[in-house]
>>> print(open('start_21.txt').read())   # compact mmCIF, C-alpha atoms
# COMPACT_ATOMS: atom_id res chain seq x y z
CA MET A 1 -17.67 22.98 8.80
CA SER A 2 -20.82 20.99 9.07
CA LYS A 3 -21.17 17.76 10.93
CA LYS A 4 -22.46 14.71 9.14
CA GLN A 5 -24.70 12.06 10.54
CA ILE A 6 -23.46 8.56 9.82
CA LYS A 7 -24.43 5.03 10.73
CA LEU A 8 -21.72 2.67 11.89
CA ILE A 9 -22.06 -0.99 12.80
CA VAL A 10 -19.69 -1.45 15.71
CA ASN A 11 -19.35 -4.91 17.24
CA GLY A 12 -22.69 -5.87 15.73
CA LYS A 13 -24.52 -2.86 17.14
CA GLU A 14 -25.85 0.00 15.04
CA GLU A 15 -24.61 3.41 16.14
CA ILE A 16 -25.82 6.70 14.72
CA ILE A 17 -23.41 9.56 15.36
CA GLU A 18 -22.48 13.00 14.11
CA VAL A 19 -18.91 13.39 12.93
CA ASN A 20 -16.78 16.06 11.35
CA PRO A 21 -16.02 15.35 7.67
CA TYR A 22 -12.41 14.33 8.31
CA GLU A 23 -12.45 12.65 11.66
CA SER A 24 -10.68 9.38 12.25
CA LEU A 25 -12.47 6.19 13.08
CA LEU A 26 -10.19 5.96 16.12
CA LYS A 27 -11.44 9.25 17.52
CA VAL A 28 -15.04 8.27 16.94
CA LEU A 29 -14.58 4.89 18.63
CA ARG A 30 -12.73 6.28 21.63
CA GLU A 31 -14.33 9.65 22.23
CA TYR A 32 -17.87 9.32 20.90
CA LEU A 33 -18.56 5.66 21.58
CA GLY A 34 -16.36 5.16 24.64
CA LEU A 35 -14.60 2.14 23.16
CA THR A 36 -11.09 2.72 24.42
CA GLY A 37 -9.70 -0.70 23.53
CA ALA A 38 -8.09 0.67 20.38
CA LYS A 39 -5.29 2.94 21.55
CA ARG A 40 -3.88 6.15 20.21
CA GLY A 41 -0.15 5.71 19.67
CA CYS A 42 1.75 7.38 16.86
CA ASP A 43 -1.49 8.57 15.16
CA TYR A 44 0.48 8.20 11.98
CA GLY A 45 -0.14 4.70 10.67
CA GLY A 46 3.02 3.13 12.00
CA CYS A 47 2.67 1.53 15.42
CA GLY A 48 -0.50 -0.55 15.12
CA VAL A 49 -2.02 0.05 18.56
CA CYS A 50 -5.13 1.51 16.90
CA THR A 51 -5.77 -1.59 14.75
CA VAL A 52 -9.43 -2.53 14.34
CA VAL A 53 -11.14 -4.81 11.85
CA VAL A 54 -13.31 -3.26 9.13
CA ASN A 55 -15.23 -5.68 6.92
CA GLY A 56 -12.90 -8.48 7.91
CA LYS A 57 -9.67 -6.59 7.26
CA ALA A 58 -7.25 -5.16 9.80
CA VAL A 59 -6.81 -1.40 9.35
CA TYR A 60 -5.21 1.46 11.24
CA SER A 61 -8.20 3.33 12.66
CA CYS A 62 -6.06 6.46 13.23
CA MET A 63 -5.85 7.04 9.49
CA TYR A 64 -9.19 5.61 8.48
CA PRO A 65 -11.81 8.35 8.01
CA ALA A 66 -14.94 7.58 10.03
CA ILE A 67 -17.14 8.46 7.07
CA LYS A 68 -15.33 5.84 5.00
CA ALA A 69 -16.44 3.25 7.54
CA GLU A 70 -20.12 4.12 7.11
CA GLY A 71 -22.25 1.02 6.66
CA LYS A 72 -19.28 -1.29 7.18
CA GLU A 73 -18.88 -3.83 9.97
CA ILE A 74 -16.36 -2.68 12.52
CA THR A 75 -14.95 -4.97 15.16
CA THR A 76 -12.89 -3.70 18.07
CA VAL A 77 -11.26 -5.72 20.81
CA GLU A 78 -14.35 -5.12 22.96
CA GLY A 79 -16.40 -7.02 20.40
CA LEU A 80 -14.44 -10.24 20.84
CA TYR A 81 -15.57 -10.79 24.43
CA LYS A 82 -18.99 -12.40 24.23
CA ASP A 83 -21.40 -13.94 26.76
CA GLY A 84 -18.88 -13.59 29.54
CA LYS A 85 -16.28 -15.52 27.59
CA LEU A 86 -12.98 -14.48 26.09
CA HIS A 87 -12.43 -15.09 22.41
CA PRO A 88 -9.91 -17.91 21.75
CA VAL A 89 -7.47 -15.33 20.38
CA GLN A 90 -7.72 -13.28 23.60
CA LYS A 91 -7.27 -16.37 25.75
CA ALA A 92 -4.28 -17.46 23.67
CA PHE A 93 -2.62 -14.06 24.08
CA ILE A 94 -2.98 -14.34 27.84
CA ASP A 95 -1.80 -17.95 28.02
CA ALA A 96 1.22 -17.30 25.78
CA ASN A 97 2.45 -14.60 28.17
CA THR A 98 2.30 -11.88 25.55
CA VAL A 99 1.35 -9.14 27.96
CA GLN A 100 3.83 -6.93 29.74
CA CYS A 101 2.76 -3.29 29.58
CA GLY A 102 -0.25 -4.26 27.49
CA TYR A 103 -0.50 -1.14 25.38
CA SER A 104 0.06 -2.85 22.04
CA ILE A 105 -2.04 -5.89 22.86
CA PRO A 106 -5.51 -4.78 21.64
CA GLY A 107 -4.01 -3.93 18.24
CA ALA A 108 -2.03 -7.15 18.05
CA ILE A 109 -5.08 -9.20 19.02
CA MET A 110 -7.12 -7.54 16.27
CA SER A 111 -4.40 -8.26 13.70
CA ALA A 112 -4.32 -11.89 14.82
CA TYR A 113 -8.12 -12.09 14.79
CA ALA A 114 -8.28 -10.72 11.22
CA LEU A 115 -5.62 -13.17 10.06
CA LEU A 116 -7.50 -16.19 11.41
CA LEU A 117 -10.78 -14.85 10.04
CA ASN A 118 -9.37 -14.89 6.51
CA ASN A 119 -6.94 -17.77 6.84
CA PRO A 120 -7.64 -20.37 9.57
CA ASN A 121 -4.39 -22.25 8.83
CA PRO A 122 -1.70 -19.62 8.33
CA SER A 123 1.91 -20.55 7.56
CA ASP A 124 4.78 -19.31 9.75
CA GLU A 125 5.51 -16.73 7.08
CA ASP A 126 1.86 -15.50 7.12
CA ILE A 127 2.02 -15.16 10.90
CA LYS A 128 5.22 -13.13 10.80
CA GLU A 129 3.84 -11.03 8.00
CA VAL A 130 0.60 -10.10 9.74
CA PHE A 131 2.44 -8.48 12.65
CA SER A 132 4.52 -6.33 10.30
CA GLY A 133 2.29 -3.44 11.29
CA ASN A 134 2.22 -3.90 15.06
CA LEU A 135 5.08 -2.70 17.19
CA CYS A 136 5.86 -3.84 20.72
CA ARG A 137 8.56 -2.11 22.68
CA CYS A 138 8.64 -4.29 25.78
CA SER A 139 9.71 -7.65 24.34
CA ALA A 140 6.44 -9.50 24.94
CA GLY A 141 5.73 -9.16 21.23
CA TYR A 142 8.20 -11.96 20.74
CA TYR A 143 5.47 -14.37 21.83
CA TRP A 144 2.72 -13.14 19.50
CA PRO A 145 3.36 -15.79 16.81
CA GLU A 146 3.17 -18.43 19.52
CA ALA A 147 -0.14 -16.95 20.67
CA ILE A 148 -1.56 -17.35 17.17
CA LYS A 149 -0.61 -21.02 17.11
CA LEU A 150 -2.26 -21.46 20.50
CA ALA A 151 -5.35 -19.61 19.28
CA ILE A 152 -5.65 -22.01 16.34
CA LYS A 153 -5.54 -24.89 18.81
CA TYR A 154 -8.22 -23.30 21.00
CA MET A 155 -10.45 -22.61 18.02
CA LYS A 156 -10.21 -26.24 16.87
CA GLN A 157 -11.05 -27.40 20.40
CA ARG A 158 -14.06 -25.11 20.43
CA GLU A 159 -15.34 -26.55 17.15
CA SER A 160 -14.96 -30.18 18.19
CA MET B 1 -6.37 13.57 11.60
CA VAL B 2 -7.49 16.05 14.22
CA HIS B 3 -6.12 19.29 12.83
CA TYR B 4 -7.60 19.25 9.39
CA GLU B 5 -11.01 20.77 8.72
CA LEU B 6 -13.10 19.99 5.69
CA LYS B 7 -16.41 21.34 4.45
CA ASP B 8 -17.57 17.95 3.29
CA TYR B 9 -16.52 14.37 2.67
CA ILE B 10 -18.46 13.04 -0.30
CA LYS B 11 -18.83 9.43 -1.40
CA PRO B 12 -20.22 9.48 -4.98
CA LYS B 13 -21.71 6.28 -6.37
CA THR B 14 -20.81 6.71 -10.03
CA LEU B 15 -17.79 7.89 -11.96
CA GLU B 16 -19.86 10.59 -13.66
CA GLU B 17 -20.98 11.95 -10.31
CA ALA B 18 -17.39 12.02 -9.07
CA LEU B 19 -16.12 13.76 -12.20
CA LYS B 20 -18.85 16.37 -11.91
CA LEU B 21 -17.90 17.08 -8.28
CA LEU B 22 -14.25 17.53 -9.26
CA HIS B 23 -15.29 19.81 -12.09
CA ASP B 24 -17.64 21.91 -9.97
CA TYR B 25 -15.29 22.31 -7.01
CA LYS B 26 -12.20 22.70 -9.20
CA GLY B 27 -9.11 22.96 -6.98
CA ALA B 28 -11.06 22.81 -3.73
CA ALA B 29 -11.75 19.08 -4.06
CA LYS B 30 -9.24 16.29 -3.60
CA ILE B 31 -9.69 12.63 -4.41
CA ILE B 32 -9.31 10.20 -1.54
CA ALA B 33 -8.97 6.45 -2.07
CA GLY B 34 -7.24 4.48 0.71
CA GLY B 35 -6.53 7.69 2.60
CA THR B 36 -3.01 6.81 3.73
CA VAL B 37 -1.12 9.49 1.79
CA ILE B 38 -3.91 12.00 2.47
CA HIS B 39 -3.39 11.37 6.18
CA GLU B 40 0.32 12.16 5.89
CA LEU B 41 -0.43 15.29 3.87
CA SER B 42 -2.95 16.54 6.40
CA GLU B 43 -0.54 15.93 9.29
CA ARG B 44 2.06 17.99 7.48
CA ASN B 45 -0.38 20.81 6.65
CA LEU B 46 -0.03 20.20 2.92
CA LEU B 47 -3.71 20.30 2.09
CA GLU B 48 -4.14 24.05 2.02
CA GLY B 49 -7.13 25.14 -0.04
CA VAL B 50 -8.72 21.71 -0.06
CA GLU B 51 -12.31 21.90 1.20
CA TYR B 52 -13.84 18.67 -0.05
CA PHE B 53 -12.75 15.08 -0.24
CA VAL B 54 -14.23 12.95 -2.99
CA ASP B 55 -13.98 9.31 -1.95
CA ILE B 56 -13.75 7.07 -5.03
CA GLU B 57 -14.16 3.78 -3.17
CA ASN B 58 -17.66 3.09 -4.50
CA LEU B 59 -17.04 3.73 -8.20
CA GLY B 60 -16.48 0.07 -9.07
CA LEU B 61 -12.78 0.58 -9.74
CA ASN B 62 -11.72 -2.44 -7.75
CA TYR B 63 -10.83 -5.19 -10.25
CA VAL B 64 -8.06 -7.10 -11.98
CA ARG B 65 -8.87 -8.51 -15.41
CA ILE B 66 -7.06 -9.69 -18.49
CA GLU B 67 -8.24 -8.08 -21.70
CA LYS B 68 -6.96 -8.19 -25.28
CA ASP B 69 -4.71 -5.18 -24.84
CA GLY B 70 -3.30 -5.99 -21.44
CA LEU B 71 -3.86 -6.63 -17.77
CA HIS B 72 -6.23 -4.01 -16.36
CA ILE B 73 -6.02 -3.12 -12.67
CA GLY B 74 -8.71 -0.85 -11.27
CA ALA B 75 -7.42 2.25 -9.47
CA THR B 76 -8.81 1.35 -6.05
CA THR B 77 -7.36 -2.16 -6.04
CA THR B 78 -5.43 -2.45 -2.77
CA PHE B 79 -1.85 -3.64 -2.37
CA ASN B 80 -2.97 -6.74 -0.49
CA GLN B 81 -5.38 -7.61 -3.29
CA ILE B 82 -2.38 -7.53 -5.63
CA VAL B 83 -0.26 -9.59 -3.26
CA ASN B 84 -3.02 -12.20 -2.88
CA ASN B 85 -3.69 -12.51 -6.61
CA SER B 86 -1.59 -15.32 -8.11
CA LEU B 87 -1.45 -13.47 -11.46
CA PHE B 88 1.16 -11.14 -10.02
CA THR B 89 3.55 -13.90 -9.00
CA LYS B 90 4.11 -14.62 -12.69
CA PRO B 91 7.61 -13.51 -13.82
CA SER B 92 6.26 -10.77 -16.12
CA TYR B 93 4.53 -9.03 -13.20
CA TYR B 94 6.67 -10.14 -10.28
CA ALA B 95 8.18 -6.67 -9.78
CA LEU B 96 4.73 -5.30 -8.94
CA TYR B 97 4.07 -8.18 -6.54
CA LEU B 98 7.33 -7.49 -4.69
CA ALA B 99 6.76 -3.75 -4.63
CA ALA B 100 3.24 -4.12 -3.23
CA LYS B 101 4.31 -6.75 -0.68
CA GLY B 102 7.21 -4.62 0.49
CA VAL B 103 5.03 -1.65 1.40
CA SER B 104 5.06 -0.62 5.03
CA SER B 105 2.72 -2.81 7.04
CA TYR B 106 -0.13 -5.23 6.57
CA GLN B 107 -2.74 -2.72 7.73
CA VAL B 108 -1.58 -0.11 5.21
CA ARG B 109 -1.62 -2.68 2.41
CA ASN B 110 -5.25 -3.46 3.27
CA VAL B 111 -6.31 0.08 2.34
CA ALA B 112 -3.59 1.72 0.18
CA THR B 113 -4.43 1.60 -3.53
CA ILE B 114 -2.47 1.27 -6.74
CA GLY B 115 -4.06 4.41 -8.19
CA GLY B 116 -3.39 6.42 -5.06
CA SER B 117 0.28 5.54 -5.04
CA VAL B 118 0.69 6.78 -8.61
CA CYS B 119 -1.34 9.97 -8.10
CA SER B 120 0.70 10.93 -5.02
CA SER B 121 3.84 11.37 -7.12
CA ILE B 122 6.23 10.56 -4.29
CA SER B 123 9.68 9.40 -5.39
CA PHE B 124 10.25 6.80 -2.68
CA LEU B 125 6.95 4.92 -3.03
CA ASP B 126 7.54 1.41 -4.37
CA VAL B 127 4.53 0.63 -6.51
CA PRO B 128 4.91 3.57 -8.97
CA ASN B 129 8.57 2.71 -9.60
CA ALA B 130 7.68 -0.94 -10.24
CA LEU B 131 4.90 0.11 -12.62
CA VAL B 132 7.29 2.25 -14.64
CA ALA B 133 9.70 -0.71 -14.86
CA LEU B 134 6.83 -2.84 -16.17
CA ASN B 135 5.94 -0.32 -18.89
CA ALA B 136 2.55 0.35 -17.36
CA LYS B 137 0.03 2.78 -18.76
CA ALA B 138 -2.68 4.65 -16.91
CA LYS B 139 -6.17 5.66 -17.99
CA LEU B 140 -7.28 9.11 -16.88
CA VAL B 141 -10.83 10.28 -17.26
CA SER B 142 -12.43 13.72 -17.02
CA LEU B 143 -15.69 15.25 -18.19
CA ASN B 144 -13.84 16.24 -21.37
CA GLY B 145 -12.89 12.68 -22.26
CA GLU B 146 -10.12 10.26 -21.48
CA ARG B 147 -6.43 9.82 -22.15
CA ILE B 148 -4.02 6.94 -21.84
CA GLU B 149 -0.54 7.86 -20.63
CA ASN B 150 2.63 5.96 -19.89
CA VAL B 151 2.90 5.96 -16.11
CA GLU B 152 6.38 7.59 -16.23
CA ASN B 153 4.78 10.67 -17.81
CA LEU B 154 2.51 11.21 -14.81
CA PHE B 155 5.20 12.60 -12.53
CA LEU B 156 6.42 16.19 -12.70
CA GLY B 157 8.10 16.27 -9.31
CA MET B 158 7.63 15.48 -5.66
CA LEU B 159 3.89 15.66 -4.79
CA ASN B 160 3.31 17.12 -8.22
CA PRO B 161 1.54 14.66 -10.52
CA ASN B 162 0.88 15.43 -14.16
CA ILE B 163 -2.83 14.97 -13.54
CA SER B 164 -5.26 17.84 -13.68
CA GLU B 165 -7.64 18.69 -10.87
CA ASP B 166 -10.71 17.41 -12.70
CA GLU B 167 -9.21 14.08 -13.77
CA ILE B 168 -9.54 10.67 -12.14
CA LEU B 169 -7.04 7.88 -12.74
CA THR B 170 -9.38 4.95 -13.29
CA GLU B 171 -7.06 2.10 -14.12
CA ILE B 172 -3.53 0.88 -14.69
CA ILE B 173 -2.84 -1.23 -17.75
CA LEU B 174 0.10 -3.63 -17.84
CA PRO B 175 1.34 -5.29 -21.03
CA LEU B 176 0.18 -8.89 -21.56
CA GLU B 177 2.40 -11.63 -20.20
CA GLU B 178 5.46 -12.23 -22.36
CA THR B 179 7.63 -15.30 -22.87
CA LYS B 180 11.29 -15.36 -21.79
CA THR B 181 10.51 -12.35 -19.62
CA ALA B 182 10.88 -11.68 -15.93
CA SER B 183 10.80 -8.69 -13.61
CA TYR B 184 12.04 -7.90 -10.15
CA TYR B 185 11.91 -5.12 -7.58
CA MET B 186 14.41 -4.57 -4.82
CA LYS B 187 14.72 -1.78 -2.31
CA LEU B 188 17.09 -0.77 0.40
CA THR B 189 15.56 0.37 3.68
CA GLU B 190 16.81 1.06 7.17
CA ARG B 191 14.15 -1.14 8.76
CA ALA B 192 11.72 -3.47 7.02
CA PHE B 193 8.75 -1.09 7.24
CA ASP B 194 10.60 2.07 6.18
CA TYR B 195 10.33 3.86 2.87
CA ALA B 196 12.99 3.03 0.29
CA ILE B 197 16.35 4.79 0.49
CA VAL B 198 16.80 3.71 -3.11
CA SER B 199 15.10 1.03 -5.16
CA VAL B 200 15.56 -0.80 -8.44
CA GLY B 201 12.84 -2.15 -10.72
CA ILE B 202 13.88 -4.34 -13.65
CA LYS B 203 12.13 -6.08 -16.50
CA VAL B 204 14.21 -8.27 -18.80
CA LYS B 205 13.18 -9.98 -22.04
CA LEU B 206 15.59 -12.41 -23.67
CA ASN B 207 15.35 -13.77 -27.20
CA GLU B 208 15.18 -17.47 -28.07
CA ASN B 209 18.97 -17.78 -27.87
CA GLY B 210 19.20 -16.15 -24.46
CA TYR B 211 20.48 -12.79 -25.64
CA VAL B 212 19.01 -9.54 -24.39
CA GLU B 213 16.05 -8.35 -26.40
CA ASN B 214 15.02 -5.69 -23.93
CA ILE B 215 15.89 -4.46 -20.47
CA ARG B 216 14.03 -1.73 -18.67
CA THR B 217 15.58 -0.45 -15.48
CA VAL B 218 14.07 2.08 -13.11
CA PHE B 219 15.72 3.67 -10.10
CA GLY B 220 13.48 4.92 -7.30
CA ASN B 221 14.29 7.89 -5.06
CA VAL B 222 17.35 8.75 -7.16
CA GLN B 223 15.55 11.65 -8.78
CA PRO B 224 12.33 13.37 -7.63
CA THR B 225 10.52 11.17 -10.19
CA PRO B 226 11.17 7.54 -11.26
CA TYR B 227 14.45 7.50 -13.19
CA ILE B 228 14.61 5.25 -16.24
CA GLU B 229 18.24 4.12 -16.59
CA ASN B 230 18.68 3.73 -20.36
CA LYS B 231 22.39 3.01 -19.97
CA VAL B 232 21.64 -0.58 -19.02
CA TYR B 233 19.83 -1.32 -22.26
CA GLU B 234 22.47 0.52 -24.31
CA ILE B 235 25.21 -1.69 -22.92
CA ALA B 236 23.37 -5.00 -22.75
CA LYS B 237 21.34 -4.85 -25.95
CA GLY B 238 21.80 -8.01 -28.05
CA LYS B 239 24.37 -9.39 -25.61
CA TYR B 240 24.52 -12.37 -23.34
CA ILE B 241 24.54 -11.31 -19.69
CA ASN B 242 27.55 -12.66 -17.80
CA GLU B 243 29.61 -11.44 -14.86
CA ASP B 244 31.82 -9.28 -17.08
CA LEU B 245 28.87 -7.51 -18.63
CA ILE B 246 27.28 -6.92 -15.23
CA LYS B 247 30.55 -5.40 -13.99
CA LYS B 248 30.70 -3.16 -17.03
CA ILE B 249 27.14 -1.95 -16.41
CA MET B 250 27.90 -1.37 -12.74
CA GLU B 251 30.74 0.94 -13.69
CA GLU B 252 28.46 3.04 -15.87
CA ILE B 253 25.44 3.45 -13.59
CA PRO B 254 23.79 5.54 -12.37
CA SER B 255 24.03 7.90 -15.30
CA VAL B 256 22.60 10.68 -13.17
CA GLU B 257 23.70 12.29 -9.91
CA PRO B 258 21.28 11.06 -7.21
CA ILE B 259 19.47 13.49 -4.95
CA ASP B 260 20.42 13.59 -1.28
CA SER B 261 17.77 12.36 1.15
CA ILE B 262 17.46 12.56 4.91
CA ASN B 263 18.41 8.91 5.20
CA ALA B 264 21.27 8.74 2.68
CA SER B 265 23.67 11.01 0.82
CA ALA B 266 23.97 11.09 -2.96
CA TRP B 267 27.44 9.55 -2.60
CA TYR B 268 26.08 6.58 -0.69
CA LYS B 269 23.13 6.12 -3.01
CA LYS B 270 25.44 6.01 -6.00
CA LYS B 271 27.51 3.20 -4.51
CA VAL B 272 24.64 1.15 -3.20
CA LEU B 273 22.58 1.40 -6.41
CA LYS B 274 25.22 -0.55 -8.31
CA VAL B 275 25.01 -3.44 -5.89
CA LEU B 276 21.24 -3.31 -5.69
CA PHE B 277 21.06 -3.36 -9.48
CA ARG B 278 23.41 -6.36 -9.70
CA ASP B 279 21.39 -8.36 -7.19
CA ALA B 280 18.06 -7.47 -8.75
CA LEU B 281 19.32 -8.36 -12.23
CA LYS B 282 20.58 -11.74 -11.06
CA GLU B 283 17.23 -12.51 -9.42
CA THR B 284 15.46 -11.53 -12.63
CA LEU B 285 17.63 -13.74 -14.82
CA GLU B 286 17.18 -16.66 -12.49
CA MET B 287 13.44 -16.47 -13.04
CA ILE B 288 13.81 -16.70 -16.82
CA SER B 289 16.09 -19.73 -16.94
>>> encode(input="start_21.txt", output="structure tokens")
Amino acid sequence: MSKKQIKLIVNGKEEIIEVNPYESLLKVLREYLGLTGAKRGCDYGGCGVCTVVVNGKAVYSCMYPAIKAEGKEITTVEGLYKDGKLHPVQKAFIDANTVQCGYSIPGAIMSAYALLLNNPNPSDEDIKEVFSGNLCRCSAGYYWPEAIKLAIKYMKQRES
Amino acid sequence: MVHYELKDYIKPKTLEEALKLLHDYKGAAKIIAGGTVIHELSERNLLEGVEYFVDIENLGLNYVRIEKDGLHIGATTTFNQIVNNSLFTKPSYYALYLAAKGVSSYQVRNVATIGGSVCSSISFLDVPNALVALNAKAKLVSLNGERIENVENLFLGMLNPNISEDEILTEIILPLEETKTASYYMKLTERAFDYAIVSVGIKVKLNENGYVENIRTVFGNVQPTPYIENKVYEIAKGKYINEDLIKKIMEEIPSVEPIDSINASAWYKKKVLKVLFRDALKETLEMIS
């Protein structure tokens, strides 16, 4: 098995790394690049804690081959925090009391971020739909839709 | 994704290049599109003998276009691209819309492809069953030429597609939109994101007077491959569909003994299919009137 050198653009920064041919993006982010925001949960494409955004779309990084991501723009939860400021989606998740154990939060935030990136005015149905791939076992997930509505408010405030 | 070792992961830029790789590596190469089914296969150690992945993402097979002979959908078109394309909310194609929208989670739908779902040949996947209900065809290309097949002929059994190792499924072709026609897809699951216990895909065409011109019914996860229930057409052909007729059909279906699954017995599937069929048929008819 020979390693392959690939170039990834992670949170706007170019990274050149050597990966095995079938290594997940999650493993590369966590173990090679030290970005531990995306979590390893089921490792099976079911729980959503590994969600990151690739070219504007939320994907499960546990089942996304790193080589597939070559040359694409990857955003992890670490990439949302800029210039000492939380992203409106992050702030909204805090203010809406969505955090209990916190394990599912980075994934949920990335799903919410991707939704608002593609659709700044989502319907209630869109909001429910986008969390279809993020599980929360400690009840705080109940407030995620509320957090999205708050995030929309914060983003509008930021623009004005 | 940690256990599986490959010699190489190749991303060809043209179809010719990809076909040549498949030809040269014969059985040692496997096509990867969205990678979701491949991930499950690798986790279950079902990729024995596979040394190379050929990623077909960059072959330009991501499109939806209407041509003279039908609606062409490129093999690497993702489920969310189908869901977000208003073409598929038309009654003639609605079954595919519902099947794609009902798949697992949002993140999976962002990467899983229409071609991949067919090539996996897994009886409980939604999109292949809906495609069979819609009379879809598939175009398969190899270095030796190309063939067009009805999608139902592409399944030999579980994880056993009727596609040779050097072929690539390049597109799915749906019939052009028809008048007085509607389609629907309904599945029964334990939880919203689970695979189907059983599913029903229906396409109905009525004539000008409202009598049945054609009905195509497909049952998913009842057999190891999509099961076309011809009984429905036999009974309903030329008739007006009312409650009595629906009851009569329900008594006669399924015309095959379902397979047992881990989540439901054959006995249960048999009972629930009748109800699922009734509900799906009613939804379909409502769209025509």
>>> atom_distance(input="start_21.txt", atom1="CA of Val37 in chain B", atom2="CA of Gln5 in chain A")
25.3 Å
>>> atom_distance(input="start_21.txt", atom1="CA of Gly238 in chain B", atom2="CA of Ser183 in chain B")
18.2 Å
>>> closest_atom_pairs(input="start_21.txt", of="chain A", to="chain B", cutoff="8 Å", atoms="all atoms listed in the file", output="Markdown table")
| residue | atom | partner | partner_atom | distance |
| --- | --- | --- | --- | --- |
| A:Met1 | CA | B:Lys7 | CA | 4.8 |
| A:Ser2 | CA | B:Lys7 | CA | 6.4 |
| A:Asn20 | CA | B:Leu6 | CA | 7.8 |
| A:Pro21 | CA | B:Tyr9 | CA | 5.1 |
| A:Tyr22 | CA | B:Leu6 | CA | 6.3 |
| A:Glu23 | CA | B:Met1 | CA | 6.1 |
| A:Ser24 | CA | B:Met1 | CA | 6.0 |
| A:Asp43 | CA | B:Met1 | CA | 7.8 |
| A:Tyr44 | CA | B:Glu40 | CA | 7.3 |
| A:Gly45 | CA | B:Val108 | CA | 7.4 |
| A:Gly46 | CA | B:Ser105 | CA | 7.7 |
| A:Thr51 | CA | B:Gln107 | CA | 7.7 |
| A:Lys57 | CA | B:Asn110 | CA | 6.7 |
| A:Ala58 | CA | B:Gln107 | CA | 5.5 |
| A:Val59 | CA | B:Gln107 | CA | 4.6 |
| A:Tyr60 | CA | B:Gln107 | CA | 6.0 |
| A:Cys62 | CA | B:Met1 | CA | 7.3 |
| A:Met63 | CA | B:His39 | CA | 6.0 |
| A:Tyr64 | CA | B:Gly35 | CA | 6.8 |
| A:Pro65 | CA | B:Gly35 | CA | 7.6 |
| A:Ile67 | CA | B:Tyr9 | CA | 7.4 |
| A:Lys68 | CA | B:Asp55 | CA | 7.9 |
| A:Glu129 | CA | B:Tyr106 | CA | 7.2 |
| A:Val130 | CA | B:Tyr106 | CA | 5.9 |
| A:Phe131 | CA | B:Tyr106 | CA | 7.4 |
| A:Ser132 | CA | B:Ser105 | CA | 5.1 |
| A:Gly133 | CA | B:Ser105 | CA | 4.3 |
>>> write_last_selection(input="start_21.txt", atoms="C-alpha atoms", output="PDB file, keeping the file's coordinate frame")
ATOM      1  CA  MET A   1     -17.670  22.980   8.800  1.00  0.00           C
ATOM      2  CA  SER A   2     -20.820  20.990   9.070  1.00  0.00           C
ATOM      3  CA  ASN A  20     -16.780  16.060  11.350  1.00  0.00           C
ATOM      4  CA  PRO A  21     -16.020  15.350   7.670  1.00  0.00           C
ATOM      5  CA  TYR A  22     -12.410  14.330   8.310  1.00  0.00           C
ATOM      6  CA  GLU A  23     -12.450  12.650  11.660  1.00  0.00           C
ATOM      7  CA  SER A  24     -10.680   9.380  12.250  1.00  0.00           C
ATOM      8  CA  ASP A  43      -1.490   8.570  15.160  1.00  0.00           C
ATOM      9  CA  TYR A  44       0.480   8.200  11.980  1.00  0.00           C
ATOM     10  CA  GLY A  45      -0.140   4.700  10.670  1.00  0.00           C
ATOM     11  CA  GLY A  46       3.020   3.130  12.000  1.00  0.00           C
ATOM     12  CA  THR A  51      -5.770  -1.590  14.750  1.00  0.00           C
ATOM     13  CA  LYS A  57      -9.670  -6.590   7.260  1.00  0.00           C
ATOM     14  CA  ALA A  58      -7.250  -5.160   9.800  1.00  0.00           C
ATOM     15  CA  VAL A  59      -6.810  -1.400   9.350  1.00  0.00           C
ATOM     16  CA  TYR A  60      -5.210   1.460  11.240  1.00  0.00           C
ATOM     17  CA  CYS A  62      -6.060   6.460  13.230  1.00  0.00           C
ATOM     18  CA  MET A  63      -5.850   7.040   9.490  1.00  0.00           C
ATOM     19  CA  TYR A  64      -9.190   5.610   8.480  1.00  0.00           C
ATOM     20  CA  PRO A  65     -11.810   8.350   8.010  1.00  0.00           C
ATOM     21  CA  ILE A  67     -17.140   8.460   7.070  1.00  0.00           C
ATOM     22  CA  LYS A  68     -15.330   5.840   5.000  1.00  0.00           C
ATOM     23  CA  GLU A 129       3.840 -11.030   8.000  1.00  0.00           C
ATOM     24  CA  VAL A 130       0.600 -10.100   9.740  1.00  0.00           C
ATOM     25  CA  PHE A 131       2.440  -8.480  12.650  1.00  0.00           C
ATOM     26  CA  SER A 132       4.520  -6.330  10.300  1.00  0.00           C
ATOM     27  CA  GLY A 133       2.290  -3.440  11.290  1.00  0.00           C
TER      28      GLY A 133
END
>>> residues_around(input="start_21.txt", residues="Cys47 in chain A", least_positions_apart="5", cutoff="7 Å", atoms="all atoms listed in the file", output="list in words")
Gly41, Cys42, Gly133, Asn134 and Leu135 of chain A
>>> closest_residue(input="start_21.txt", among="B:Leu143, B:Ala28, B:Asn135, B:Glu171", to="Ala75 in chain B", atoms="only C-alpha atoms")
B:Glu171
>>> atom_distance(input="start_21.txt", atom1="CA of Pro12 in chain B", atom2="CA of Ser121 in chain B")
24.2 Å
>>> closest_residue(input="start_21.txt", among="A:Ser104, A:Thr98, A:Asn11, A:Asn55", to="Lys39 in chain A", atoms="only C-alpha atoms")
A:Ser104
>>> closest_residue(input="start_21.txt", among="B:Leu134, B:Ile249, B:Cys119, B:Val275", to="Leu176 in chain B", atoms="all atoms listed in the file")
B:Leu134
>>> closest_residue(input="start_21.txt", among="A:Ala147, A:Leu35, A:Val52, A:Cys101", to="Lys128 in chain A", atoms="all atoms listed in the file")
A:Ala147
>>> closest_residue(input="start_21.txt", among="B:Leu206, B:Ala18, B:Ile246, B:Ile197", to="Ile262 in chain B", atoms="all atoms listed in the file")
B:Ile197
